[in-house]
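Here's the structure we're looking at; comments come further down.
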Amino acid sequence: MKIIFEDIPDSGLQLDVSEEAARIGPLLHGIDAALEGPVTAHLEAMRTDEGVYLTGHVSARLRLICSRCVSEYKLLVEPDFSLYYVVGIETDAEQELHASDLEVTMTPVPELDTDDILVSQIAVELPMKPLCTDKCKGLCVKCGVDRNKEECDCVIEEPVDARFAALKGFKPK
Ligand SMILES: [Zn+2]
Ligand SMILES: [Zn+2]
């Protein structure tokens with residue numbers, strides 16, 4: 001859906017959108033997550049002299065793969081955001097706005113695509129290192145069992161990383 005700046009009434013525009021996973025999913029290029037159900041959002045747009053101030057709330061259910069145990073898990077992301085869209089290309093005015101601590105996005109045309117907004121807000125919420133739970137034990141590096149579900153008898157040498165190596169001399173024998 002497009003938000004055309006000049007169509008926004010002086011009192012502001014409120015918009016509730018719900019987009020099917022089949023529509024938004026393909027736009028999540030290069031993102032290692034699948035959508036589970038529709039993405040919904042509540043958006044509020046206010047015009048200013050230079051552009052549009054947009055606040056909103058997005059809600060999306062995702063399926064991710066845990067980076068430790070490789071099992072699939074679900075994650076609900078619900079970002080709240082506020083963005084300031086200024087029409088035009090980089091100018092002195094933009095730099096002034098940056099100084100005022102507001103996140104400014106330049107837009108060459110006076111309109112916004114709600115799909116783009118949903119996709120970028122979801123992307124921001126994705127974990128760098130997906131984990132099914134903070135306590136996930138991962139897979140045994142020797143036999144490959146999921147150590148959340150099974151114990152194994154493998155003896156695993158403690159990894160010596162730089163932090164521990166520095167402490168080694170203090171360890172009691
Ligand atoms: Zn896991
Ligand atoms: Zn094992």
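Going by the structure tokens order, chains are called A, B, ..., each with residues numbered from 1, while ligands are numbered from 1 in the order shown.
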Could you build a table of the residues in chain A lying no more than 12 Å from ligand 1, giving for each the nearest pair of atoms and their separation in Å rounded to one decimal place, using only C-alpha atoms and all ligand atoms, ordered by chain and ascending residue number, as CSV?
residue,atom,partner,partner_atom_place_in_ligand_line,distance
A:Leu64,CA,ligand 1,1 (Zn),10.3
A:Ile65,CA,ligand 1,1 (Zn),8.0
A:Cys66,CA,ligand 1,1 (Zn),4.7
A:Ser67,CA,ligand 1,1 (Zn),6.6
A:Arg68,CA,ligand 1,1 (Zn),5.0
A:Cys69,CA,ligand 1,1 (Zn),4.0
A:Val70,CA,ligand 1,1 (Zn),6.2
A:Ser71,CA,ligand 1,1 (Zn),6.0
A:Glu72,CA,ligand 1,1 (Zn),8.1
A:Tyr73,CA,ligand 1,1 (Zn),8.1
A:Lys74,CA,ligand 1,1 (Zn),11.3
A:Lys129,CA,ligand 1,1 (Zn),10.7
A:Pro130,CA,ligand 1,1 (Zn),8.3
A:Leu131,CA,ligand 1,1 (Zn),5.3
A:Cys132,CA,ligand 1,1 (Zn),4.3
A:Thr133,CA,ligand 1,1 (Zn),6.1
A:Asp134,CA,ligand 1,1 (Zn),8.2
A:Lys135,CA,ligand 1,1 (Zn),8.0
A:Cys136,CA,ligand 1,1 (Zn),4.6
A:Lys137,CA,ligand 1,1 (Zn),6.7
A:Gly138,CA,ligand 1,1 (Zn),5.5
A:Leu139,CA,ligand 1,1 (Zn),8.3
A:Cys140,CA,ligand 1,1 (Zn),11.9
A:Val145,CA,ligand 1,1 (Zn),12.0
A:Asp146,CA,ligand 1,1 (Zn),8.5
A:Arg147,CA,ligand 1,1 (Zn),9.2
A:Asn148,CA,ligand 1,1 (Zn),7.7
A:Lys149,CA,ligand 1,1 (Zn),10.4
Just-selected residues, N, CA and C atoms written as an mmCIF file, in the first residue's frame:
data_model
loop_
_atom_site.group_PDB
_atom_site.id
_atom_site.type_symbol
_atom_site.label_atom_id
_atom_site.label_comp_id
_atom_site.auth_asym_id
_atom_site.auth_seq_id
_atom_site.Cartn_x
_atom_site.Cartn_y
_atom_site.Cartn_z
ATOM 1 N N LEU A 64 12.615 -19.366 12.932
ATOM 2 C CA LEU A 64 14.053 -19.214 12.774
ATOM 3 C C LEU A 64 14.734 -20.538 13.081
ATOM 4 N N ILE A 65 15.990 -20.645 12.685
ATOM 5 C CA ILE A 65 16.779 -21.833 12.997
ATOM 6 C C ILE A 65 17.802 -21.451 14.064
ATOM 7 N N CYS A 66 17.789 -22.203 15.167
ATOM 8 C CA CYS A 66 18.728 -21.930 16.261
ATOM 9 C C CYS A 66 20.158 -22.146 15.770
ATOM 10 N N SER A 67 21.033 -21.199 16.091
ATOM 11 C CA SER A 67 22.410 -21.292 15.606
ATOM 12 C C SER A 67 23.231 -22.303 16.404
ATOM 13 N N ARG A 68 22.704 -22.779 17.540
ATOM 14 C CA ARG A 68 23.450 -23.782 18.313
ATOM 15 C C ARG A 68 22.953 -25.199 18.067
ATOM 16 N N CYS A 69 21.621 -25.409 18.127
ATOM 17 C CA CYS A 69 21.126 -26.781 18.046
ATOM 18 C C CYS A 69 20.441 -27.076 16.701
ATOM 19 N N VAL A 70 20.371 -26.081 15.842
ATOM 20 C CA VAL A 70 19.832 -26.222 14.483
ATOM 21 C C VAL A 70 18.355 -26.626 14.463
ATOM 22 N N SER A 71 17.656 -26.462 15.582
ATOM 23 C CA SER A 71 16.225 -26.766 15.526
ATOM 24 C C SER A 71 15.461 -25.479 15.215
ATOM 25 N N GLU A 72 14.251 -25.690 14.694
ATOM 26 C CA GLU A 72 13.439 -24.550 14.323
ATOM 27 C C GLU A 72 12.736 -24.018 15.574
ATOM 28 N N TYR A 73 12.627 -22.720 15.696
ATOM 29 C CA TYR A 73 11.857 -22.167 16.805
ATOM 30 C C TYR A 73 11.111 -20.932 16.320
ATOM 31 N N LYS A 74 10.141 -20.524 17.137
ATOM 32 C CA LYS A 74 9.307 -19.395 16.737
ATOM 33 C C LYS A 74 9.652 -18.154 17.544
ATOM 34 N N LYS A 129 22.460 -13.739 16.147
ATOM 35 C CA LYS A 129 22.779 -15.132 16.427
ATOM 36 C C LYS A 129 21.511 -15.744 17.010
ATOM 37 N N PRO A 130 20.663 -16.314 16.154
ATOM 38 C CA PRO A 130 19.396 -16.839 16.666
ATOM 39 C C PRO A 130 19.608 -17.974 17.657
ATOM 40 N N LEU A 131 18.878 -17.930 18.775
ATOM 41 C CA LEU A 131 18.960 -18.986 19.787
ATOM 42 C C LEU A 131 17.554 -19.380 20.192
ATOM 43 N N CYS A 132 17.293 -20.696 20.251
ATOM 44 C CA CYS A 132 15.954 -21.154 20.633
ATOM 45 C C CYS A 132 15.640 -20.750 22.068
ATOM 46 N N THR A 133 16.642 -20.831 22.945
ATOM 47 C CA THR A 133 16.542 -20.271 24.296
ATOM 48 C C THR A 133 17.947 -19.810 24.675
ATOM 49 N N ASP A 134 18.030 -18.910 25.643
ATOM 50 C CA ASP A 134 19.350 -18.437 26.078
ATOM 51 C C ASP A 134 20.206 -19.579 26.598
ATOM 52 N N LYS A 135 19.525 -20.610 27.118
ATOM 53 C CA LYS A 135 20.268 -21.697 27.749
ATOM 54 C C LYS A 135 20.511 -22.863 26.802
ATOM 55 N N CYS A 136 20.221 -22.713 25.538
ATOM 56 C CA CYS A 136 20.389 -23.820 24.586
ATOM 57 C C CYS A 136 21.805 -24.392 24.697
ATOM 58 N N LYS A 137 21.874 -25.727 24.848
ATOM 59 C CA LYS A 137 23.179 -26.374 25.019
ATOM 60 C C LYS A 137 23.822 -26.742 23.689
ATOM 61 N N GLY A 138 23.048 -26.688 22.620
ATOM 62 C CA GLY A 138 23.616 -26.970 21.299
ATOM 63 C C GLY A 138 23.843 -28.448 21.055
ATOM 64 N N LEU A 139 24.519 -28.716 19.969
ATOM 65 C CA LEU A 139 24.801 -30.101 19.593
ATOM 66 C C LEU A 139 26.160 -30.506 20.144
ATOM 67 N N CYS A 140 26.281 -31.794 20.510
ATOM 68 C CA CYS A 140 27.592 -32.295 20.929
ATOM 69 C C CYS A 140 28.521 -32.235 19.725
ATOM 70 N N VAL A 145 24.591 -35.360 19.080
ATOM 71 C CA VAL A 145 23.249 -35.386 19.684
ATOM 72 C C VAL A 145 22.858 -33.966 20.119
ATOM 73 N N ASP A 146 21.552 -33.739 20.140
ATOM 74 C CA ASP A 146 21.037 -32.471 20.638
ATOM 75 C C ASP A 146 21.123 -32.524 22.159
ATOM 76 N N ARG A 147 22.020 -31.763 22.729
ATOM 77 C CA ARG A 147 22.272 -31.875 24.167
ATOM 78 C C ARG A 147 21.158 -31.262 25.004
ATOM 79 N N ASN A 148 20.175 -30.655 24.380
ATOM 80 C CA ASN A 148 18.975 -30.228 25.115
ATOM 81 C C ASN A 148 18.067 -31.416 25.387
ATOM 82 N N LYS A 149 18.187 -32.458 24.556
ATOM 83 C CA LYS A 149 17.269 -33.590 24.642
ATOM 84 C C LYS A 149 17.927 -34.839 25.192
#
>> Let me see if you get this right: every residue at most 7 Å from ligand 2, counting only C-alpha atoms and all ligand atoms, written as a list in words.
In response: Cys140, Val141, Lys142, Cys143, Gly144, Val145, Cys152, Asp153 and Cys154 of chain A
Export N, CA, C and O atoms of the chosen residues as a PDB file, in the first residue's frame?
ATOM      1  N   CYS A 140      26.281 -31.794  20.510  1.00  0.00           N
ATOM      2  CA  CYS A 140      27.592 -32.295  20.929  1.00  0.00           C
ATOM      3  C   CYS A 140      28.521 -32.235  19.725  1.00  0.00           C
ATOM      4  O   CYS A 140      28.180 -32.713  18.642  1.00  0.00           O
ATOM      5  N   VAL A 141      29.704 -31.660  19.934  1.00  0.00           N
ATOM      6  CA  VAL A 141      30.625 -31.523  18.799  1.00  0.00           C
ATOM      7  C   VAL A 141      31.219 -32.864  18.386  1.00  0.00           C
ATOM      8  O   VAL A 141      31.760 -32.997  17.292  1.00  0.00           O
ATOM      9  N   LYS A 142      31.126 -33.865  19.274  1.00  0.00           N
ATOM     10  CA  LYS A 142      31.681 -35.167  18.922  1.00  0.00           C
ATOM     11  C   LYS A 142      30.661 -36.078  18.263  1.00  0.00           C
ATOM     12  O   LYS A 142      30.889 -36.613  17.186  1.00  0.00           O
ATOM     13  N   CYS A 143      29.507 -36.316  18.954  1.00  0.00           N
ATOM     14  CA  CYS A 143      28.570 -37.298  18.420  1.00  0.00           C
ATOM     15  C   CYS A 143      27.349 -36.661  17.767  1.00  0.00           C
ATOM     16  O   CYS A 143      26.574 -37.339  17.110  1.00  0.00           O
ATOM     17  N   GLY A 144      27.169 -35.377  17.943  1.00  0.00           N
ATOM     18  CA  GLY A 144      26.098 -34.683  17.237  1.00  0.00           C
ATOM     19  C   GLY A 144      24.723 -34.747  17.880  1.00  0.00           C
ATOM     20  O   GLY A 144      23.765 -34.251  17.292  1.00  0.00           O
ATOM     21  N   VAL A 145      24.591 -35.360  19.080  1.00  0.00           N
ATOM     22  CA  VAL A 145      23.249 -35.386  19.684  1.00  0.00           C
ATOM     23  C   VAL A 145      22.858 -33.966  20.119  1.00  0.00           C
ATOM     24  O   VAL A 145      23.712 -33.135  20.412  1.00  0.00           O
ATOM     25  N   CYS A 152      25.090 -37.309  26.523  1.00  0.00           N
ATOM     26  CA  CYS A 152      25.990 -38.274  25.891  1.00  0.00           C
ATOM     27  C   CYS A 152      27.233 -38.375  26.769  1.00  0.00           C
ATOM     28  O   CYS A 152      27.433 -37.567  27.673  1.00  0.00           O
ATOM     29  N   ASP A 153      28.050 -39.388  26.523  1.00  0.00           N
ATOM     30  CA  ASP A 153      29.215 -39.629  27.381  1.00  0.00           C
ATOM     31  C   ASP A 153      30.503 -39.065  26.798  1.00  0.00           C
ATOM     32  O   ASP A 153      31.582 -39.408  27.251  1.00  0.00           O
ATOM     33  N   CYS A 154      30.360 -38.278  25.777  1.00  0.00           N
ATOM     34  CA  CYS A 154      31.573 -37.770  25.132  1.00  0.00           C
ATOM     35  C   CYS A 154      32.373 -36.906  26.117  1.00  0.00           C
ATOM     36  O   CYS A 154      31.793 -36.151  26.897  1.00  0.00           O
TER      37      CYS A 154
END
>> With DSSP run on the backbone, what are the strand (DSSP E or B) residues within segment 50-151 of chain A? I'd like them as JSON, numbers by chain.
In response: {"A": [51, 52, 53, 54, 55, 56, 57, 58, 59, 60, 61, 62, 63, 64, 65, 72, 73, 74, 75, 76, 77, 80, 81, 82, 83, 84, 85, 86, 87, 104, 105, 106, 107, 111, 112, 113, 139, 146]}
Include N, CA, C and O atoms and write out the residues we just selected as a short mmCIF file (atom, residue, chain, number, x, y, z; two decimals), in the first residue's frame.
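In the end it all went to part.cif:
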data_model
loop_
_atom_site.label_atom_id
_atom_site.label_comp_id
_atom_site.auth_asym_id
_atom_site.auth_seq_id
_atom_site.Cartn_x
_atom_site.Cartn_y
_atom_site.Cartn_z
N GLY A 51 8.28 16.90 5.07
CA GLY A 51 8.01 15.51 4.74
C GLY A 51 6.94 14.92 5.63
O GLY A 51 5.90 15.54 5.86
N VAL A 52 7.24 13.73 6.16
CA VAL A 52 6.23 13.03 6.97
C VAL A 52 6.90 12.40 8.18
O VAL A 52 7.98 11.79 8.07
N TYR A 53 6.25 12.57 9.30
CA TYR A 53 6.68 11.93 10.53
C TYR A 53 5.81 10.69 10.69
O TYR A 53 4.58 10.78 10.68
N LEU A 54 6.46 9.53 10.79
CA LEU A 54 5.72 8.28 10.82
C LEU A 54 6.04 7.50 12.10
O LEU A 54 7.21 7.28 12.42
N THR A 55 5.01 7.13 12.83
CA THR A 55 5.22 6.25 13.98
C THR A 55 4.41 4.99 13.74
O THR A 55 3.43 5.00 12.99
N GLY A 56 4.82 3.91 14.37
CA GLY A 56 4.08 2.69 14.14
C GLY A 56 4.49 1.54 15.03
O GLY A 56 5.46 1.63 15.81
N HIS A 57 3.74 0.49 14.88
CA HIS A 57 3.96 -0.75 15.61
C HIS A 57 3.74 -1.88 14.61
O HIS A 57 2.73 -1.90 13.91
N VAL A 58 4.71 -2.77 14.53
CA VAL A 58 4.61 -3.91 13.60
C VAL A 58 4.61 -5.19 14.42
O VAL A 58 5.25 -5.27 15.48
N SER A 59 3.87 -6.18 13.97
CA SER A 59 3.85 -7.46 14.66
C SER A 59 4.00 -8.57 13.63
O SER A 59 3.23 -8.63 12.66
N ALA A 60 5.00 -9.43 13.84
CA ALA A 60 5.23 -10.53 12.89
C ALA A 60 5.68 -11.77 13.65
O ALA A 60 6.49 -11.68 14.58
N ARG A 61 5.15 -12.92 13.24
CA ARG A 61 5.60 -14.18 13.80
C ARG A 61 6.56 -14.83 12.81
O ARG A 61 6.24 -14.95 11.64
N LEU A 62 7.72 -15.23 13.35
CA LEU A 62 8.77 -15.77 12.49
C LEU A 62 9.15 -17.17 12.91
O LEU A 62 8.99 -17.55 14.07
N ARG A 63 9.67 -17.92 11.96
CA ARG A 63 10.30 -19.21 12.27
C ARG A 63 11.78 -19.05 11.95
O ARG A 63 12.14 -18.64 10.85
N LEU A 64 12.61 -19.37 12.93
CA LEU A 64 14.05 -19.21 12.77
C LEU A 64 14.73 -20.54 13.08
O LEU A 64 14.14 -21.42 13.70
N ILE A 65 15.99 -20.64 12.69
CA ILE A 65 16.78 -21.83 13.00
C ILE A 65 17.80 -21.45 14.06
O ILE A 65 18.57 -20.50 13.89
N GLU A 72 14.25 -25.69 14.69
CA GLU A 72 13.44 -24.55 14.32
C GLU A 72 12.74 -24.02 15.57
O GLU A 72 12.30 -24.80 16.40
N TYR A 73 12.63 -22.72 15.70
CA TYR A 73 11.86 -22.17 16.80
C TYR A 73 11.11 -20.93 16.32
O TYR A 73 11.40 -20.40 15.25
N LYS A 74 10.14 -20.52 17.14
CA LYS A 74 9.31 -19.40 16.74
C LYS A 74 9.65 -18.15 17.54
O LYS A 74 10.03 -18.25 18.70
N LEU A 75 9.52 -17.03 16.88
CA LEU A 75 9.85 -15.77 17.54
C LEU A 75 8.82 -14.73 17.12
O LEU A 75 8.51 -14.59 15.93
N LEU A 76 8.27 -14.04 18.11
CA LEU A 76 7.35 -12.95 17.81
C LEU A 76 8.14 -11.65 17.89
O LEU A 76 8.78 -11.38 18.91
N VAL A 77 8.13 -10.88 16.83
CA VAL A 77 8.80 -9.58 16.87
C VAL A 77 7.73 -8.49 16.79
O VAL A 77 6.80 -8.58 15.99
N ASP A 80 8.31 -1.18 17.82
CA ASP A 80 7.68 0.14 17.75
C ASP A 80 8.73 1.06 17.14
O ASP A 80 9.91 0.92 17.44
N PHE A 81 8.30 1.97 16.32
CA PHE A 81 9.32 2.81 15.68
C PHE A 81 8.77 4.19 15.39
O PHE A 81 7.55 4.41 15.33
N SER A 82 9.67 5.14 15.24
CA SER A 82 9.28 6.44 14.71
C SER A 82 10.36 6.88 13.74
O SER A 82 11.55 6.75 14.01
N LEU A 83 9.93 7.34 12.60
CA LEU A 83 10.83 7.69 11.51
C LEU A 83 10.39 9.03 10.95
O LEU A 83 9.22 9.37 10.99
N TYR A 84 11.39 9.74 10.46
CA TYR A 84 11.07 11.01 9.83
C TYR A 84 11.53 10.96 8.38
O TYR A 84 12.71 10.76 8.12
N TYR A 85 10.58 11.05 7.48
CA TYR A 85 10.89 11.01 6.05
C TYR A 85 10.89 12.43 5.51
O TYR A 85 9.91 13.17 5.66
N VAL A 86 12.01 12.78 4.89
CA VAL A 86 12.14 14.10 4.30
C VAL A 86 12.24 13.92 2.79
O VAL A 86 13.02 13.09 2.31
N VAL A 87 11.47 14.70 2.08
CA VAL A 87 11.48 14.59 0.62
C VAL A 87 12.70 15.30 0.06
O VAL A 87 12.98 16.44 0.43
N VAL A 104 16.42 10.39 10.36
CA VAL A 104 15.89 10.97 9.13
C VAL A 104 16.16 10.05 7.96
O VAL A 104 17.27 9.55 7.80
N THR A 105 15.13 9.82 7.18
CA THR A 105 15.30 9.04 5.96
C THR A 105 14.91 9.94 4.80
O THR A 105 13.83 10.53 4.81
N MET A 106 15.80 10.05 3.83
CA MET A 106 15.47 10.86 2.66
C MET A 106 14.66 10.01 1.69
O MET A 106 14.95 8.83 1.49
N THR A 107 13.66 10.60 1.11
CA THR A 107 12.89 9.90 0.10
C THR A 107 12.80 10.78 -1.14
O THR A 107 12.42 11.95 -1.04
N GLU A 111 6.15 9.84 -1.28
CA GLU A 111 5.26 8.72 -0.95
C GLU A 111 6.06 7.60 -0.30
O GLU A 111 7.28 7.53 -0.45
N LEU A 112 5.36 6.76 0.45
CA LEU A 112 5.99 5.63 1.13
C LEU A 112 5.25 4.35 0.76
O LEU A 112 4.05 4.37 0.50
N ASP A 113 5.99 3.26 0.74
CA ASP A 113 5.40 1.96 0.46
C ASP A 113 5.35 1.20 1.79
O ASP A 113 6.38 0.97 2.43
N LEU A 139 24.52 -28.72 19.97
CA LEU A 139 24.80 -30.10 19.59
C LEU A 139 26.16 -30.51 20.14
O LEU A 139 27.07 -29.69 20.22
N ASP A 146 21.55 -33.74 20.14
CA ASP A 146 21.04 -32.47 20.64
C ASP A 146 21.12 -32.52 22.16
O ASP A 146 20.38 -33.26 22.81
#
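With only C-alpha atoms as the basis for measurement, A:Ala33 is the residue among A:Ile4, A:Leu28, A:Ala21, A:Ala33 that approaches Met128 of chain A most closely.
Straight-line separation from atom CA of Met1 of chain A to atom CA of Gly25 of chain A: 15.7 Å.
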